[in-house]
>>> print(open('protein23.pdb').read())   # PDB, C-alpha atoms
ATOM      1  CA  MET A  24      87.443 126.979 116.505
ATOM      2  CA  PHE A  25      90.898 127.523 114.969
ATOM      3  CA  ASP A  26      92.166 130.415 117.114
ATOM      4  CA  ASN A  27      95.330 128.633 118.310
ATOM      5  CA  PHE A  28      96.003 126.768 115.072
ATOM      6  CA  GLU A  29      98.540 127.445 112.358
ATOM      7  CA  LYS A  30      96.763 127.751 109.008
ATOM      8  CA  LEU A  31      98.590 125.734 106.340
ATOM      9  CA  SER A  32      96.101 126.628 103.601
ATOM     10  CA  ASP A  33      92.379 127.239 103.147
ATOM     11  CA  GLY A  34      90.637 124.623 105.261
ATOM     12  CA  ILE A  35      93.845 122.984 106.595
ATOM     13  CA  TYR A  36      95.011 123.686 110.159
ATOM     14  CA  VAL A  37      97.667 122.364 112.552
ATOM     15  CA  LEU A  38      97.837 122.610 116.317
ATOM     16  CA  LYS A  39     101.345 121.642 117.396
ATOM     17  CA  ASN A  40     101.797 119.940 120.765
ATOM     18  CA  PHE A  41      98.083 119.218 121.137
ATOM     19  CA  LEU A  42      99.334 116.282 123.215
ATOM     20  CA  SER A  43     102.484 116.383 125.326
ATOM     21  CA  GLU A  44     105.492 114.160 124.736
ATOM     22  CA  GLU A  45     104.642 112.238 127.925
ATOM     23  CA  GLU A  46     101.042 111.663 126.809
ATOM     24  CA  CYS A  47     102.216 110.401 123.419
ATOM     25  CA  THR A  48     104.807 108.111 125.018
ATOM     26  CA  GLY A  49     102.139 106.512 127.212
ATOM     27  CA  ILE A  50      99.850 105.938 124.237
ATOM     28  CA  VAL A  51     102.666 104.499 122.079
ATOM     29  CA  GLU A  52     103.652 102.092 124.873
ATOM     30  CA  GLU A  53     100.078 100.800 124.995
ATOM     31  CA  LEU A  54      99.825 100.555 121.205
ATOM     32  CA  ASP A  55     103.157  98.725 120.961
ATOM     33  CA  SER A  56     101.806  96.046 123.290
ATOM     34  CA  TYR A  57      98.336  95.892 121.725
ATOM     35  CA  GLU A  58      97.648  92.542 120.045
ATOM     36  CA  GLY A  59      94.127  92.955 118.639
ATOM     37  CA  TRP A  60      94.818  95.030 115.518
ATOM     38  CA  ILE A  61      91.979  94.759 112.994
ATOM     39  CA  SER A  62      92.975  95.081 109.335
ATOM     40  CA  GLU A  63      90.664  97.447 107.492
ATOM     41  CA  GLY A  64      90.544 100.654 105.581
ATOM     42  CA  PHE A  65      90.960 101.941 102.097
ATOM     43  CA  GLU A  66      92.776  99.219 100.137
ATOM     44  CA  SER A  67      93.676  97.551 103.497
ATOM     45  CA  THR A  68      96.248 100.267 104.116
ATOM     46  CA  MET A  69      95.877 100.324 107.861
ATOM     47  CA  SER A  70      94.756  98.473 110.912
ATOM     48  CA  ARG A  71      92.670  99.733 113.788
ATOM     49  CA  THR A  72      92.258  98.914 117.461
ATOM     50  CA  GLU A  73      89.044  98.265 119.293
ATOM     51  CA  PRO A  74      88.015 101.375 121.272
ATOM     52  CA  LEU A  75      90.751 102.093 123.826
ATOM     53  CA  LYS A  76      90.153 103.767 127.190
ATOM     54  CA  LYS A  77      93.601 105.343 126.823
ATOM     55  CA  LEU A  78      92.210 107.447 123.941
ATOM     56  CA  PHE A  79      89.137 108.735 125.811
ATOM     57  CA  PHE A  80      91.080 111.756 127.079
ATOM     58  CA  VAL A  81      92.335 112.493 123.536
ATOM     59  CA  ARG A  82      88.772 112.503 122.231
ATOM     60  CA  SER A  83      87.621 114.601 125.202
ATOM     61  CA  ARG A  84      90.360 117.200 124.660
ATOM     62  CA  LEU A  85      89.581 117.343 120.955
ATOM     63  CA  ASN A  86      85.884 117.694 121.738
ATOM     64  CA  ASP A  87      86.695 120.786 123.833
ATOM     65  CA  LEU A  88      87.874 122.506 120.636
ATOM     66  CA  VAL A  89      84.666 121.868 118.688
ATOM     67  CA  SER A  90      82.390 124.875 118.132
ATOM     68  CA  ASP A  91      78.685 125.023 118.782
ATOM     69  CA  ASN A  92      76.497 123.500 116.056
ATOM     70  CA  TYR A  93      79.153 120.847 115.463
ATOM     71  CA  TYR A  94      80.051 117.680 117.339
ATOM     72  CA  LEU A  95      82.884 115.182 117.411
ATOM     73  CA  GLY A  96      82.391 111.568 116.380
ATOM     74  CA  HIS A  97      82.540 108.837 119.012
ATOM     75  CA  ASN A  98      85.646 107.049 117.705
ATOM     76  CA  THR A  99      88.260 106.048 120.302
ATOM     77  CA  SER A 100      90.291 103.654 118.143
ATOM     78  CA  ALA A 101      93.903 104.135 117.128
ATOM     79  CA  VAL A 102      95.184 103.643 113.589
ATOM     80  CA  ARG A 103      98.425 101.869 112.680
ATOM     81  CA  MET A 104     100.154 101.982 109.329
ATOM     82  CA  VAL A 105     103.321  99.949 108.852
ATOM     83  CA  SER A 106     106.295 100.105 106.522
ATOM     84  CA  GLY A 107     105.272 100.039 102.871
ATOM     85  CA  GLN A 108     101.685 101.177 103.450
ATOM     86  CA  SER A 109     100.213 104.374 102.044
ATOM     87  CA  TRP A 110      96.733 105.775 101.582
ATOM     88  CA  GLY A 111      95.636 107.195  98.254
ATOM     89  CA  CYS A 112      94.006 110.555  97.706
ATOM     90  CA  HIS A 113      90.478 110.953  99.004
ATOM     91  CA  ALA A 114      88.107 113.459 100.563
ATOM     92  CA  ASP A 115      86.661 112.503 103.939
ATOM     93  CA  VAL A 116      83.208 113.500 102.721
ATOM     94  CA  ASP A 117      83.286 110.741 100.066
ATOM     95  CA  ASP A 118      81.629 108.408 102.586
ATOM     96  CA  PHE A 119      78.721 110.855 102.910
ATOM     97  CA  ALA A 120      77.708 111.246  99.242
ATOM     98  CA  GLU A 121      74.230 109.826  99.879
ATOM     99  CA  VAL A 122      73.590 112.209 102.788
ATOM    100  CA  ILE A 123      74.688 115.184 100.671
ATOM    101  CA  GLU A 124      72.435 114.099  97.815
ATOM    102  CA  GLN A 125      69.474 113.673 100.159
ATOM    103  CA  SER A 126      70.067 116.989 101.949
ATOM    104  CA  ASN A 127      70.195 118.824  98.605
ATOM    105  CA  LYS A 128      66.620 117.636  97.997
ATOM    106  CA  TYR A 129      65.313 119.094 101.250
ATOM    107  CA  ILE A 130      62.893 122.033 100.902
ATOM    108  CA  GLU A 131      62.230 124.237 103.939
ATOM    109  CA  GLY A 132      58.957 123.286 105.629
ATOM    110  CA  GLN A 133      59.015 119.643 104.489
ATOM    111  CA  PRO A 134      58.988 116.839 107.045
ATOM    112  CA  TYR A 135      62.581 115.774 107.645
ATOM    113  CA  ILE A 136      64.990 113.764 109.690
ATOM    114  CA  GLU A 137      68.496 114.875 110.607
ATOM    115  CA  LYS A 138      71.575 112.969 109.480
ATOM    116  CA  GLU A 139      75.201 113.589 110.290
ATOM    117  CA  LEU A 140      77.571 115.035 107.724
ATOM    118  CA  SER A 141      81.327 115.247 108.206
ATOM    119  CA  VAL A 142      82.579 118.812 107.842
ATOM    120  CA  TYR A 143      86.131 118.322 109.139
ATOM    121  CA  GLY A 144      88.521 115.408 109.433
ATOM    122  CA  THR A 145      90.930 115.267 112.354
ATOM    123  CA  VAL A 146      94.205 113.401 112.880
ATOM    124  CA  VAL A 147      96.335 113.295 116.038
ATOM    125  CA  TYR A 148      99.830 111.797 115.711
ATOM    126  CA  PHE A 149     101.451 109.771 118.498
ATOM    127  CA  ASN A 150     104.945 108.753 117.355
ATOM    128  CA  LYS A 151     107.859 109.956 115.266
ATOM    129  CA  PHE A 152     108.097 108.184 111.916
ATOM    130  CA  ILE A 153     109.757 108.470 108.529
ATOM    131  CA  GLY A 154     107.490 108.727 105.495
ATOM    132  CA  GLY A 155     103.762 108.607 106.171
ATOM    133  CA  GLU A 156     103.329 112.352 105.687
ATOM    134  CA  ILE A 157      99.820 113.661 105.052
ATOM    135  CA  TYR A 158      99.661 115.483 101.735
ATOM    136  CA  TYR A 159      97.179 117.755  99.976
ATOM    137  CA  PRO A 160      97.967 117.692  96.246
ATOM    138  CA  ASP A 161      95.589 120.518  95.289
ATOM    139  CA  HIS A 162      97.288 122.792  97.848
ATOM    140  CA  ASN A 163     100.833 121.592  97.078
ATOM    141  CA  ILE A 164     101.276 120.802 100.796
ATOM    142  CA  THR A 165     103.043 117.875 102.425
ATOM    143  CA  TYR A 166     103.027 117.952 106.222
ATOM    144  CA  SER A 167     105.469 115.924 108.330
ATOM    145  CA  PRO A 168     103.835 115.751 111.764
ATOM    146  CA  ASN A 169     105.549 115.452 115.108
ATOM    147  CA  PRO A 170     104.194 113.420 118.013
ATOM    148  CA  GLY A 171     101.329 115.349 119.602
ATOM    149  CA  ASP A 172     100.387 117.336 116.503
ATOM    150  CA  LEU A 173      96.725 117.701 115.555
ATOM    151  CA  VAL A 174      95.767 118.273 111.918
ATOM    152  CA  ILE A 175      92.247 119.355 111.025
ATOM    153  CA  HIS A 176      91.089 119.735 107.434
ATOM    154  CA  LYS A 177      87.783 120.306 105.704
ATOM    155  CA  SER A 178      86.077 117.064 104.723
ATOM    156  CA  ASP A 179      84.903 118.344 101.354
ATOM    157  CA  ASN A 180      86.597 118.060  97.971
ATOM    158  CA  THR A 181      88.625 121.234  98.574
ATOM    159  CA  CYS A 182      90.872 119.211 100.915
ATOM    160  CA  ILE A 183      91.593 116.024  99.036
ATOM    161  CA  HIS A 184      94.460 114.330 100.847
ATOM    162  CA  GLY A 185      96.408 111.121 101.214
ATOM    163  CA  VAL A 186      99.213 109.527 103.200
ATOM    164  CA  LYS A 187     102.614 108.925 101.633
ATOM    165  CA  GLU A 188     104.301 105.550 101.971
ATOM    166  CA  VAL A 189     105.415 104.772 105.496
ATOM    167  CA  ILE A 190     109.141 103.999 105.652
ATOM    168  CA  SER A 191     109.460 103.528 109.427
ATOM    169  CA  GLU A 192     108.312 100.362 111.131
ATOM    170  CA  LYS A 193     105.025 101.968 112.219
ATOM    171  CA  ARG A 194     102.947 105.141 112.217
ATOM    172  CA  TYR A 195     100.366 105.585 114.999
ATOM    173  CA  SER A 196      97.536 108.099 114.851
ATOM    174  CA  TYR A 197      93.963 108.791 115.895
ATOM    175  CA  SER A 198      91.385 109.949 113.352
ATOM    176  CA  ASN A 199      87.901 111.288 113.826
ATOM    177  CA  HIS A 200      85.324 113.540 112.184
ATOM    178  CA  ILE A 201      83.657 116.754 113.229
ATOM    179  CA  TYR A 202      80.013 116.592 112.169
ATOM    180  CA  LYS A 203      77.028 118.800 111.686
ATOM    181  CA  LEU A 204      73.444 117.682 111.349
ATOM    182  CA  VAL A 205      71.691 118.263 108.025
ATOM    183  CA  ARG A 206      68.044 117.919 107.153
ATOM    184  CA  VAL A 207      66.944 115.288 104.677
ATOM    185  CA  PRO A 208      63.355 114.809 103.526
ATOM    186  CA  ILE A 209      61.402 111.868 104.871
TER     187      ILE A 209
END
>>> encode(input="protein23.pdb", output="structure tokens")
Amino acid sequence: MFDNFEKLSDGIYVLKNFLSEEECTGIVEELDSYEGWISEGFESTMSRTEPLKKLFFVRSRLNDLVSDNYYLGHNTSAVRMVSGQSWGCHADVDDFAEVIEQSNKYIEGQPYIEKELSVYGTVVYFNKFIGGEIYYPDHNITYSPNPGDLVIHKSDNTCIHGVKEVISEKRYSYSNHIYKLVRVPI
């Protein structure tokens, strides 16, 4: 899955120019004119759009990179962070603690259902900004993305990460998860 990626550290990968400059410009123009931003997220650090048709091709291209036995989430919303906002350290898998606990109780041969578990987090960046770098404190890595860059990192606690304070007026990105199905007992 990571053949064309630069490996920053164990479980952290970057694909530069995943989107072209022209593609990013078109997305930024739409996001700049978007008026329906919904405030949400960890400590209200960001706002999100409703699903945007303009991002369908981004999701589709990202989906083409996903290996068998995994699948990409259905998100097609953009994320905006503005000057002064940051996002504290977290692991993407934190939202799946209950699924992990349940799957650890599964014994082969038991009746089960399948639930989705995030194995990788993905971020595509659309504009140039100051501040707002993604950082991985346990790896001593801070990455300053360029428009079109794709960052993929493991969702587990080996890739705890955050976003430094945004200094520019805005930071636009697209986030999603790569999932696998796990068995949990009924």
>>> residues_around(input="protein23.pdb", residues="region 134-151 of chain A", least_positions_apart="4", cutoff="6 Å", atoms="only C-alpha atoms", output="number ranges by chain")
A: 47, 169-178, 195-209
>>> atom_distance(input="protein23.pdb", atom1="CA of Asn86 (chain A)", atom2="CA of Phe25 (chain A)")
12.9 Å
>>> closest_residue(input="protein23.pdb", among="A:Thr165, A:Cys182, A:Met69, A:Leu38", to="Ser106 (chain A)", atoms="only C-alpha atoms")
A:Met69
>>> resolve_selection(input="protein23.pdb", expression="the PyMOL selection byres ((chain A and resi 88) around 12)", output="list of chain:residue names")
A:Met24, A:Phe25, A:Asp26, A:Asn27, A:Phe28, A:Leu38, A:Phe41, A:Val81, A:Arg82, A:Ser83, A:Arg84, A:Leu85, A:Asn86, A:Asp87, A:Val89, A:Ser90, A:Asp91, A:Tyr93, A:Tyr94, A:Leu95, A:Thr145, A:Leu173, A:Ile175, A:Ile201
>>> atom_distance(input="protein23.pdb", atom1="CA of Lys193 (chain A)", atom2="CA of Phe152 (chain A)")
6.9 Å
>>> resolve_selection(input="protein23.pdb", expression="the PyMOL selection byres ((chain A and resi 159) around 7)", output="number ranges by chain")
A: 158, 160-165, 182-185
>>> atom_distance(input="protein23.pdb", atom1="CA of Val105 (chain A)", atom2="CA of Tyr36 (chain A)")
25.2 Å
>>> resolve_selection(input="protein23.pdb", expression="the PyMOL selection byres ((chain A and resi 73) around 9)", output="JSON, numbers by chain")
{"A": [59, 60, 61, 71, 72, 74, 75, 99, 100, 101]}
>>> closest_residue(input="protein23.pdb", among="A:Ile123, A:Leu42, A:Ile157, A:Val189", to="Arg103 (chain A)", atoms="only C-alpha atoms")
A:Val189
>>> residues_near_point(input="protein23.pdb", point="(109.3, 105.4, 108.3)", cutoff="6 Å", atoms="only C-alpha atoms", output="NGL selection string")
:A and (152-154 or 189-192)
